[in-house]
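With mmCIF, C-alpha atoms and all ligand atoms inside, this is final10.cif:
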data_run
loop_
_atom_site.label_atom_id
_atom_site.label_comp_id
_atom_site.auth_asym_id
_atom_site.auth_seq_id
_atom_site.Cartn_x
_atom_site.Cartn_y
_atom_site.Cartn_z
CA ASP A 1 -2.97 -13.73 9.73
CA ALA A 2 -4.59 -16.99 8.57
CA LEU A 3 -8.01 -15.36 8.60
CA GLY A 4 -6.97 -12.76 6.04
CA PRO A 5 -5.36 -9.35 5.68
CA THR A 6 -5.58 -6.28 7.89
CA VAL A 7 -7.76 -3.74 6.09
CA CYS A 8 -8.04 -0.01 6.67
CA VAL A 9 -10.83 2.13 5.18
CA GLY A 10 -10.60 5.87 4.86
CA GLU A 11 -9.07 9.00 3.48
CA ILE A 12 -6.05 8.94 1.18
CA LEU A 13 -4.41 12.35 0.80
CA VAL A 14 -1.26 14.12 -0.17
CA GLU A 15 0.30 16.44 2.33
CA ILE A 16 2.22 19.55 1.36
CA VAL A 17 4.27 21.06 4.14
CA ALA A 18 5.46 24.65 4.61
CA THR A 19 9.22 24.63 5.16
CA THR A 20 9.08 27.68 7.45
CA VAL A 21 7.38 28.04 10.81
CA GLY A 22 4.70 30.72 11.06
CA ASN A 23 1.05 31.53 10.68
CA GLY A 24 -0.84 29.99 7.79
CA PHE A 25 -0.74 30.49 4.06
CA LEU A 26 -1.59 34.14 3.44
CA GLU A 27 1.70 34.83 1.70
CA ALA A 28 3.65 32.98 -0.98
CA GLN A 29 6.14 30.70 0.74
CA PRO A 30 8.36 27.67 0.25
CA LEU A 31 6.58 24.33 0.44
CA VAL A 32 7.69 20.74 0.20
CA GLY A 33 5.62 17.81 -1.02
CA PRO A 34 3.50 16.09 -2.17
CA PHE A 35 3.91 13.39 0.47
CA ALA A 36 1.63 10.35 0.63
CA SER A 37 -0.72 10.84 3.59
CA GLY A 38 -4.07 10.35 5.33
CA ALA A 39 -4.14 8.68 8.75
CA PRO A 40 -5.63 5.40 7.43
CA ALA A 41 -3.04 5.28 4.63
CA ILE A 42 -0.16 5.92 7.05
CA PHE A 43 -1.42 3.12 9.30
CA ILE A 44 -1.67 0.60 6.46
CA SER A 45 1.70 1.64 5.01
CA GLN A 46 3.34 0.79 8.33
CA CYS A 47 1.52 -2.59 8.39
CA GLY A 48 2.80 -3.41 4.91
CA ARG A 49 6.35 -2.28 5.61
CA LEU A 50 6.49 -4.52 8.67
CA GLY A 51 5.53 -7.51 6.59
CA GLY A 52 1.89 -7.90 7.63
CA GLN A 53 -0.76 -8.77 5.05
CA ALA A 54 -2.40 -5.40 4.43
CA ALA A 55 -5.00 -3.85 2.13
CA MET A 56 -6.50 -0.38 1.76
CA VAL A 57 -10.00 0.78 0.84
CA GLY A 58 -10.37 4.36 -0.37
CA ALA A 59 -10.12 6.52 -3.46
CA VAL A 60 -7.72 8.82 -5.25
CA GLY A 61 -8.11 11.02 -8.31
CA ASP A 62 -6.70 10.19 -11.74
CA ASP A 63 -3.74 12.48 -11.11
CA ASP A 64 -0.14 12.51 -9.89
CA PHE A 65 -1.21 13.10 -6.28
CA GLY A 66 -3.16 9.86 -6.50
CA ARG A 67 -0.25 8.02 -8.09
CA VAL A 68 2.09 9.23 -5.32
CA ASN A 69 -0.16 7.31 -2.92
CA THR A 70 -0.92 4.17 -4.91
CA ASP A 71 2.73 3.75 -5.97
CA ARG A 72 3.85 4.22 -2.39
CA LEU A 73 1.37 1.75 -0.86
CA LYS A 74 2.11 -0.83 -3.54
CA ARG A 75 5.83 -0.51 -2.83
CA ASP A 76 5.07 -1.08 0.86
CA GLY A 77 3.41 -4.37 -0.01
CA VAL A 78 -0.16 -3.13 0.51
CA ASP A 79 -2.94 -4.63 -1.65
CA ILE A 80 -4.36 -1.61 -3.50
CA SER A 81 -7.02 -3.47 -5.50
CA ALA A 82 -9.83 -1.83 -3.48
CA ILE A 83 -8.53 1.73 -3.96
CA SER A 84 -10.71 3.23 -6.66
CA ILE A 85 -9.60 5.91 -9.08
CA ASP A 86 -12.16 8.67 -9.39
CA PRO A 87 -12.34 9.97 -12.97
CA ASP A 88 -13.85 13.33 -12.00
CA TYR A 89 -12.48 14.49 -8.67
CA PRO A 90 -8.88 15.23 -7.66
CA THR A 91 -6.95 13.40 -4.96
CA GLY A 92 -7.53 14.84 -1.48
CA SER A 93 -4.91 17.19 -0.09
CA ALA A 94 -3.80 18.91 3.08
CA PHE A 95 -1.46 21.89 3.23
CA VAL A 96 0.14 22.13 6.66
CA ARG A 97 2.20 24.80 8.36
CA TYR A 98 3.56 24.60 11.87
CA ARG A 99 3.24 27.63 14.15
CA LYS A 100 5.92 28.62 16.65
CA ASP A 101 3.98 27.02 19.53
CA GLY A 102 3.79 23.66 17.72
CA SER A 103 0.13 24.02 16.69
CA ARG A 104 -0.72 23.76 13.02
CA ASP A 105 -2.65 25.64 10.34
CA PHE A 106 -4.30 23.54 7.64
CA VAL A 107 -5.86 24.07 4.24
CA TYR A 108 -7.77 20.89 3.42
CA ASN A 109 -9.46 19.55 0.35
CA ILE A 110 -11.06 16.31 1.52
CA ALA A 111 -14.85 16.62 1.42
CA THR A 112 -14.82 17.70 -2.24
CA SER A 113 -12.07 15.33 -3.34
CA ALA A 114 -11.85 11.71 -4.47
CA ALA A 115 -11.08 10.80 -0.86
CA ALA A 116 -14.74 11.33 0.04
CA ARG A 117 -16.23 9.68 -3.04
CA PHE A 118 -15.87 5.95 -2.73
CA GLY A 119 -18.43 3.41 -1.71
CA TRP A 120 -19.34 -0.21 -1.43
CA SER A 121 -18.35 -1.91 -4.68
CA ARG A 122 -17.72 -5.41 -5.95
CA GLY A 123 -13.98 -4.98 -5.30
CA VAL A 124 -14.58 -3.74 -1.74
CA ALA A 125 -17.05 -6.56 -1.04
CA ASP A 126 -14.57 -9.18 -2.29
CA LEU A 127 -11.85 -7.79 -0.02
CA ILE A 128 -14.05 -7.46 3.07
CA ASP A 129 -15.28 -11.05 2.61
CA ARG A 130 -11.70 -12.22 3.17
CA THR A 131 -10.62 -9.65 5.78
CA GLY A 132 -9.14 -10.93 9.03
CA HIS A 133 -8.84 -7.62 10.82
CA LEU A 134 -10.38 -4.20 10.27
CA HIS A 135 -8.79 -0.99 11.53
CA VAL A 136 -10.87 2.16 11.80
CA MET A 137 -9.58 5.69 12.27
CA GLY A 138 -11.97 8.14 13.93
CA SER A 139 -11.01 10.71 11.30
CA ALA A 140 -12.66 8.53 8.63
CA LEU A 141 -16.01 8.93 10.40
CA SER A 142 -16.24 12.51 9.22
CA VAL A 143 -16.11 11.24 5.61
CA PRO A 144 -19.65 10.03 4.70
CA SER A 145 -18.54 7.53 2.05
CA ALA A 146 -16.04 5.91 4.41
CA ARG A 147 -18.69 5.80 7.13
CA ALA A 148 -21.06 3.73 4.99
CA VAL A 149 -18.32 1.27 4.04
CA ILE A 150 -17.08 0.96 7.63
CA ASP A 151 -20.60 0.25 8.98
CA LYS A 152 -21.02 -2.65 6.58
CA ALA A 153 -17.47 -3.92 6.90
CA VAL A 154 -17.51 -4.07 10.72
CA ASP A 155 -20.52 -6.40 10.71
CA ILE A 156 -19.10 -8.68 8.02
CA VAL A 157 -15.62 -8.95 9.51
CA LYS A 158 -16.93 -9.57 13.02
CA ALA A 159 -19.43 -12.18 11.76
CA ARG A 160 -16.62 -14.17 10.13
CA GLY A 161 -14.59 -14.18 13.35
CA GLY A 162 -12.32 -11.27 12.47
CA THR A 163 -11.21 -8.56 14.86
CA LEU A 164 -11.51 -4.78 15.01
CA SER A 165 -9.16 -2.04 16.16
CA VAL A 166 -10.07 1.61 16.57
CA ASP A 167 -7.86 4.68 16.82
CA PRO A 168 -10.24 7.43 17.99
CA ASN A 169 -7.93 9.95 16.27
CA LEU A 170 -10.26 12.82 17.05
CA ARG A 171 -8.97 16.26 17.74
CA LYS A 172 -10.33 17.68 20.95
CA GLU A 173 -11.80 20.65 19.08
CA LEU A 174 -13.70 18.41 16.67
CA LYS A 175 -17.39 18.38 17.59
CA LEU A 176 -19.26 15.38 16.25
CA ASP A 177 -22.91 15.57 15.32
CA GLU A 178 -25.18 13.30 17.32
CA GLU A 179 -25.30 10.54 14.74
CA THR A 180 -21.52 10.40 14.30
CA ASP A 181 -21.16 10.42 18.06
CA ARG A 182 -23.46 7.40 18.29
CA ARG A 183 -21.59 5.65 15.50
CA PHE A 184 -18.29 6.31 17.27
CA ALA A 185 -19.63 4.86 20.55
CA LYS A 186 -20.84 1.75 18.73
CA LEU A 187 -17.46 1.27 17.08
CA VAL A 188 -15.63 1.61 20.39
CA ALA A 189 -17.93 -1.00 21.93
CA ALA A 190 -17.25 -3.37 19.03
CA ALA A 191 -13.47 -2.88 19.16
CA ASP A 192 -11.10 -5.58 20.40
CA LEU A 193 -8.12 -3.23 20.46
CA LEU A 194 -8.31 0.49 21.16
CA LEU A 195 -5.42 2.85 20.37
CA PRO A 196 -6.29 6.23 21.89
CA SER A 197 -3.91 9.11 22.41
CA GLY A 198 -4.11 11.50 25.36
CA GLU A 199 -7.62 12.69 26.19
CA GLU A 200 -9.14 10.50 23.45
CA LEU A 201 -9.16 7.73 26.06
CA GLU A 202 -11.68 9.55 28.22
CA ARG A 203 -13.67 10.68 25.23
CA ALA A 204 -13.96 7.10 23.95
CA ALA A 205 -15.01 5.84 27.38
CA GLY A 206 -17.35 8.73 28.07
CA VAL A 207 -15.99 9.08 31.61
CA GLU A 208 -13.22 11.16 33.19
CA GLY A 209 -10.04 9.84 34.77
CA GLU A 210 -7.61 7.37 33.21
CA ALA A 211 -8.31 4.42 35.52
CA LYS A 212 -12.08 4.87 35.32
CA ALA A 213 -11.97 5.19 31.55
CA ILE A 214 -9.91 2.01 31.19
CA ARG A 215 -12.32 0.11 33.45
CA ARG A 216 -15.35 1.38 31.56
CA LEU A 217 -13.88 0.37 28.19
CA PHE A 218 -13.18 -3.16 29.40
CA GLU A 219 -16.78 -3.37 30.63
CA MET A 220 -17.86 -2.37 27.13
CA GLY A 221 -16.03 -5.38 25.66
CA VAL A 222 -12.66 -3.97 24.59
CA THR A 223 -9.92 -6.49 25.50
CA GLU A 224 -6.72 -4.53 24.87
CA ILE A 225 -5.96 -0.80 25.13
CA VAL A 226 -2.73 0.90 24.19
CA LEU A 227 -2.59 4.52 25.31
CA LYS A 228 -0.22 6.76 23.34
CA ARG A 229 1.51 9.57 25.21
CA GLY A 230 3.75 11.14 22.56
CA ALA A 231 7.30 11.67 23.80
CA GLY A 232 6.01 10.33 27.16
CA GLY A 233 5.81 6.81 25.72
CA ALA A 234 2.86 4.42 25.75
CA THR A 235 1.00 2.08 28.11
CA TYR A 236 -0.61 -1.28 27.43
CA PHE A 237 -3.65 -2.33 29.47
CA ALA A 238 -5.27 -5.77 29.19
CA SER A 239 -8.78 -6.64 30.36
CA GLY A 240 -7.21 -9.33 32.55
CA GLY A 241 -5.43 -6.61 34.54
CA ASP A 242 -1.95 -6.64 33.00
CA ARG A 243 -0.22 -3.31 32.42
CA ILE A 244 3.05 -2.58 30.60
CA ASP A 245 4.63 0.88 30.39
CA ALA A 246 6.82 1.45 27.36
CA PRO A 247 9.23 4.36 27.54
CA ALA A 248 9.68 6.46 24.41
CA PHE A 249 12.89 6.39 22.40
CA VAL A 250 14.97 9.55 22.52
CA VAL A 251 14.89 11.19 19.09
CA GLN A 252 15.19 14.55 17.40
CA GLU A 253 11.63 15.39 16.35
CA VAL A 254 11.54 16.76 12.80
CA ASP A 255 7.86 16.20 11.93
CA PRO A 256 5.42 14.78 14.53
CA THR A 257 2.70 13.98 11.99
CA GLY A 258 1.94 10.27 11.62
CA ALA A 259 3.59 9.03 14.82
CA GLY A 260 0.36 7.63 16.22
CA ASP A 261 -0.60 6.00 12.93
CA CYS A 262 2.80 4.30 12.53
CA PHE A 263 2.69 3.25 16.19
CA GLY A 264 -0.75 1.69 15.71
CA GLY A 265 0.11 0.00 12.42
CA ALA A 266 3.22 -1.53 13.93
CA TYR A 267 1.53 -2.63 17.16
CA LEU A 268 -1.39 -4.31 15.40
CA THR A 269 0.83 -5.99 12.81
CA CYS A 270 3.18 -7.39 15.44
CA ARG A 271 0.26 -8.73 17.47
CA ARG A 272 -1.25 -10.34 14.38
CA LEU A 273 2.16 -11.86 13.59
CA GLY A 274 1.95 -13.53 17.00
CA MET A 275 4.26 -11.33 19.08
CA SER A 276 3.69 -10.66 22.78
CA PRO A 277 2.25 -7.28 23.85
CA LYS A 278 5.70 -6.32 25.18
CA GLN A 279 7.49 -7.04 21.93
CA ALA A 280 4.73 -5.38 19.90
CA LEU A 281 5.02 -2.29 22.13
CA THR A 282 8.75 -2.08 21.47
CA TYR A 283 8.26 -2.21 17.70
CA ALA A 284 5.35 0.24 17.92
CA SER A 285 7.32 2.73 20.01
CA ALA A 286 10.22 2.43 17.57
CA ALA A 287 7.90 2.92 14.59
CA GLY A 288 6.35 6.08 16.09
CA ALA A 289 9.68 7.53 17.17
CA ARG A 290 11.46 6.74 13.91
CA ASN A 291 8.66 8.34 11.90
CA VAL A 292 9.00 11.69 13.68
CA THR A 293 12.67 11.92 12.68
CA VAL A 294 11.79 12.23 8.98
CA LEU A 295 9.89 14.99 7.16
CA GLY A 296 6.60 13.76 5.67
CA PRO A 297 3.73 11.93 7.39
CA MET A 298 4.78 8.37 6.45
CA GLU A 299 8.30 8.83 5.15
CA GLY A 300 9.83 7.43 8.34
CA ALA A 301 7.68 4.27 8.52
CA GLY A 302 10.20 1.46 9.01
CA THR A 303 10.62 -2.10 7.77
CA ARG A 304 11.39 -4.78 10.32
CA PRO A 305 15.15 -4.63 9.71
CA GLU A 306 15.03 -0.82 9.91
CA LEU A 307 13.13 -0.94 13.21
CA ASP A 308 15.50 -3.59 14.59
CA ALA A 309 18.43 -1.33 13.74
CA PHE A 310 16.62 1.64 15.29
CA VAL A 311 15.93 -0.23 18.54
CA ALA A 312 19.53 -1.41 18.76
CA SER A 313 20.98 2.06 18.26
CA THR A 314 18.53 4.36 20.13
CA GLU A 315 18.34 5.21 23.83
CA ARG A 316 15.05 4.95 25.70
CA ARG A 317 13.89 7.60 28.13
CA PRO A 318 14.48 6.49 31.74
P1 LIG B 401 -0.69 11.60 15.61
O1 LIG B 401 -2.19 11.54 15.69
O2 LIG B 401 -0.13 12.96 15.57
O3 LIG B 401 -0.13 10.72 14.53
P2 LIG B 401 -0.91 10.39 18.23
O4 LIG B 401 -1.33 11.50 19.10
O5 LIG B 401 -1.96 9.42 17.82
O6 LIG B 401 -0.14 10.98 16.98
P3 LIG B 401 1.52 10.04 19.71
O7 LIG B 401 1.29 9.74 21.13
O8 LIG B 401 1.90 11.41 19.33
O9 LIG B 401 0.26 9.53 18.90
O10 LIG B 401 2.67 9.06 19.17
C1 LIG B 401 2.54 7.65 19.22
C2 LIG B 401 3.77 7.03 19.82
O11 LIG B 401 4.93 7.34 19.02
C3 LIG B 401 4.12 7.50 21.23
O12 LIG B 401 3.40 6.74 22.19
C4 LIG B 401 5.62 7.27 21.28
O13 LIG B 401 5.91 5.90 21.54
C5 LIG B 401 6.04 7.59 19.84
N1 LIG B 401 6.42 9.01 19.73
C6 LIG B 401 5.67 10.03 19.28
N2 LIG B 401 6.34 11.21 19.35
C7 LIG B 401 7.56 10.91 19.86
C8 LIG B 401 8.74 11.68 20.18
N3 LIG B 401 8.79 13.00 20.00
N4 LIG B 401 9.80 11.02 20.69
C9 LIG B 401 9.78 9.69 20.88
N5 LIG B 401 8.71 8.91 20.60
C10 LIG B 401 7.62 9.51 20.10
MG MG B 402 -3.61 9.92 16.79
#
Using the file provided, produce a representation of the structure as structure tokens.
Amino acid sequence: DALGPTVCVGEILVEIVATTVGNGFLEAQPLVGPFASGAPAIFISQCGRLGGQAAMVGAVGDDDFGRVNTDRLKRDGVDISAISIDPDYPTGSAFVRYRKDGSRDFVYNIATSAAARFGWSRGVADLIDRTGHLHVMGSALSVPSARAVIDKAVDIVKARGGTLSVDPNLRKELKLDEETDRRFAKLVAAADLLLPSGEELERAAGVEGEAKAIRRLFEMGVTEIVLKRGAGGATYFASGGDRIDAPAFVVQEVDPTGAGDCFGGAYLTCRRLGMSPKQALTYASAAGARNVTVLGPMEGAGTRPELDAFVASTERRP
């Protein structure tokens, strides 16, 4: 951590969750929220809770939804000095309802919210000039303002000897335009650590087959890959050839949202705190599993004592 904090750039949202399972929002229904959310915010919350130096770049509106987020991140120990407060636009939001088959319906307000209206500023520049590690979520690439900041930040952080992690975090259905696709490929090539989930691995590598994709990514310059497999656990691959399989913890899943972001935030933070890949994987698996046991995208993000207690008291899948 001597080089400076871990910084995440991207969308900050509230999430409002339907309490019943069904199709969408065409009728009046019970909802619960607002919960602090946005994949980049969940990631950085988990970093802060685990005791890593962490800072967030993004924007909220001058409203209670914004304060839900800034209060939460501050409480987690995250530096919020580079989160701007937009005087004109509301905080971004996502309404979510689970269907019977586990898929989800969303109503989003991101593109026309504060979340999409931040840019390079004096405060952002000051933070990036002292950043030790940058984490980028693929989801942020669909937000033009975040894209511009990320492009600049990657070059500055890398030039000062910092490192980069990337969670592709792209839904399979999401088609990128050619320019975003190119930007994504460039980011992957610049990444030291890649945190894909499922088929994102092959998408990031641009080739099919797990082993081929891993090989291709190492050729591109990535040094560490952690593949997330939901309740199937996770696997660590190192460019030197090491592989570690981490079984998942056995939990009652209440709300799967945010598992991957908590997993990533915990893994990266533990590695930056000097832990071995194996120990970082244990904390990361615990962070992901614990988060799915609580309603709300980051409500289950654990502190180090909470994760230690979770590991000590929870079975792992054989
Ligand atoms: P999301 O994008 O929805 O936040 P993701 O697809 O990026 O998630 P997942 O693979 O779903 O990431 O979850 C990350 C890690 O969290 C898994 O590798 C696993 O260790 C843990 N995890 C997730 N879901 C469960 C579960 N139901 N039971 C136990 N562990 C889980
Ligand atoms: Mg993910």
- [ ] Select all residues near (5.6, -2.3, 20.0) (cut-off 10 Å, inclusive, file coordinates), counting all atoms listed in the file, and output them as a PyMOL selection string.
- [x] chain A and resi 226+234+236+246+263-271+275-288
Mind running chain A against ligand LIG 401 (chain B) at 8 Å and telling me each contacting residue's nearest atom pair with the distance in Å (one decimal), counting all atoms listed in the file, chain and number ascending, as CSV?
residue,atom,partner,partner_atom,distance
A:Ala39,CA,B:LIG401,O3,7.3
A:Asp167,CA,B:LIG401,O5,7.6
A:Asn169,CA,B:LIG401,O1,6.0
A:Leu195,CA,B:LIG401,O5,7.9
A:Pro196,CA,B:LIG401,O5,6.7
A:Ser197,CA,B:LIG401,O4,4.8
A:Gly198,CA,B:LIG401,O4,6.8
A:Leu227,CA,B:LIG401,O12,7.1
A:Lys228,CA,B:LIG401,O12,3.8
A:Arg229,CA,B:LIG401,O7,4.1
A:Gly230,CA,B:LIG401,O7,3.2
A:Ala231,CA,B:LIG401,C8,3.9
A:Gly232,CA,B:LIG401,C4,6.6
A:Gly233,CA,B:LIG401,O12,4.3
A:Ala234,CA,B:LIG401,O12,4.3
A:Thr235,CA,B:LIG401,O12,7.9
A:Ala246,CA,B:LIG401,O13,7.4
A:Pro247,CA,B:LIG401,O13,7.0
A:Ala248,CA,B:LIG401,N5,4.6
A:Phe249,CA,B:LIG401,C9,4.8
A:Val250,CA,B:LIG401,C9,5.4
A:Val251,CA,B:LIG401,N4,5.3
A:Gln252,CA,B:LIG401,N3,7.1
A:Glu253,CA,B:LIG401,N3,5.2
A:Pro256,CA,B:LIG401,O2,5.9
A:Thr257,CA,B:LIG401,O2,4.7
A:Gly258,CA,B:LIG401,O3,3.6
A:Ala259,CA,B:LIG401,O3,4.1
A:Gly260,CA,B:LIG401,O9,3.3
A:Asp261,CA,B:LIG401,O3,5.0
A:Cys262,CA,B:LIG401,O3,7.3
A:Phe263,CA,B:LIG401,C1,5.3
A:Gly264,CA,B:LIG401,C1,7.7
A:Ala284,CA,B:LIG401,O13,6.7
A:Ser285,CA,B:LIG401,O13,3.8
A:Ala286,CA,B:LIG401,O13,6.8
A:Ala287,CA,B:LIG401,O11,6.9
A:Gly288,CA,B:LIG401,O11,3.5
A:Ala289,CA,B:LIG401,N5,3.8
A:Arg290,CA,B:LIG401,N5,7.6
A:Val292,CA,B:LIG401,N2,6.3
Open item on the list: Need to verify the contact set: Gln29 (chain A), 12 Å, all atoms listed in the file, exclusion of same-chain residues closer than 4 positions in sequence. Can you return it as a PyMOL selection string?
Closed with: chain A and resi 16-25+95+97
Would you save the residues from that selection as a PDB file, in the coordinates of the input, using C-alpha atoms?
ATOM      1  CA  ILE A  16       2.220  19.550   1.360  1.00  0.00           C
ATOM      2  CA  VAL A  17       4.270  21.060   4.140  1.00  0.00           C
ATOM      3  CA  ALA A  18       5.460  24.650   4.610  1.00  0.00           C
ATOM      4  CA  THR A  19       9.220  24.630   5.160  1.00  0.00           C
ATOM      5  CA  THR A  20       9.080  27.680   7.450  1.00  0.00           C
ATOM      6  CA  VAL A  21       7.380  28.040  10.810  1.00  0.00           C
ATOM      7  CA  GLY A  22       4.700  30.720  11.060  1.00  0.00           C
ATOM      8  CA  ASN A  23       1.050  31.530  10.680  1.00  0.00           C
ATOM      9  CA  GLY A  24      -0.840  29.990   7.790  1.00  0.00           C
ATOM     10  CA  PHE A  25      -0.740  30.490   4.060  1.00  0.00           C
ATOM     11  CA  PHE A  95      -1.460  21.890   3.230  1.00  0.00           C
ATOM     12  CA  ARG A  97       2.200  24.800   8.360  1.00  0.00           C
TER      13      ARG A  97
END
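Proximity to Ala189 (chain A) was assessed for A:Asp86, A:Leu170, A:Arg203, A:Glu219 counting all atoms listed in the file; the smallest distance is recorded for A:Glu219.
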- [ ] Using all atoms listed in the file, determine which residues lie at most 10 Å from Leu164 (chain A), disregarding the query and same-chain residues fewer than 6 positions distant; provide the list as a PyMOL selection string.
- [x] chain A and resi 6-7+132-136+154+157-158+187-188+190-194+222
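From CA of Ala82 (chain A) back to CA of Val60 (chain A), the distance works out to 11.0 Å.
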Task: Using only C-alpha atoms: which of A:Ala54, A:Ala205, A:Val14, A:Met298 has the shortest distance to Gly66 (chain A) - done: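 Answer, going by the shortest atom-to-atom distance: A:Val14.
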Open item on the list: Taking all atoms listed in the file into account, name the residue in A:Glu15, A:Pro90, A:Ala153, A:Gly38 that is nearest to ligand MG 402 (chain B).
Closed with: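 For ligand MG 402 (chain B), the nearest of the given residues is A:Gly38.
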TODO: Using only C-alpha atoms and all ligand atoms, find the one residue out of A:Leu31, A:Ile42, A:Ala185, A:Val78 that sits nearest to ligand MG 402 (chain B).
DONE: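 Looking only at the distances to ligand MG 402 (chain B), the closest residue turns out to be A:Ile42.
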Task: Which of A:Ile156, A:Ala125, A:Ile244, A:Ala211 sits closest to Ser81 (chain A) [using only C-alpha atoms] - done: A:Ala125
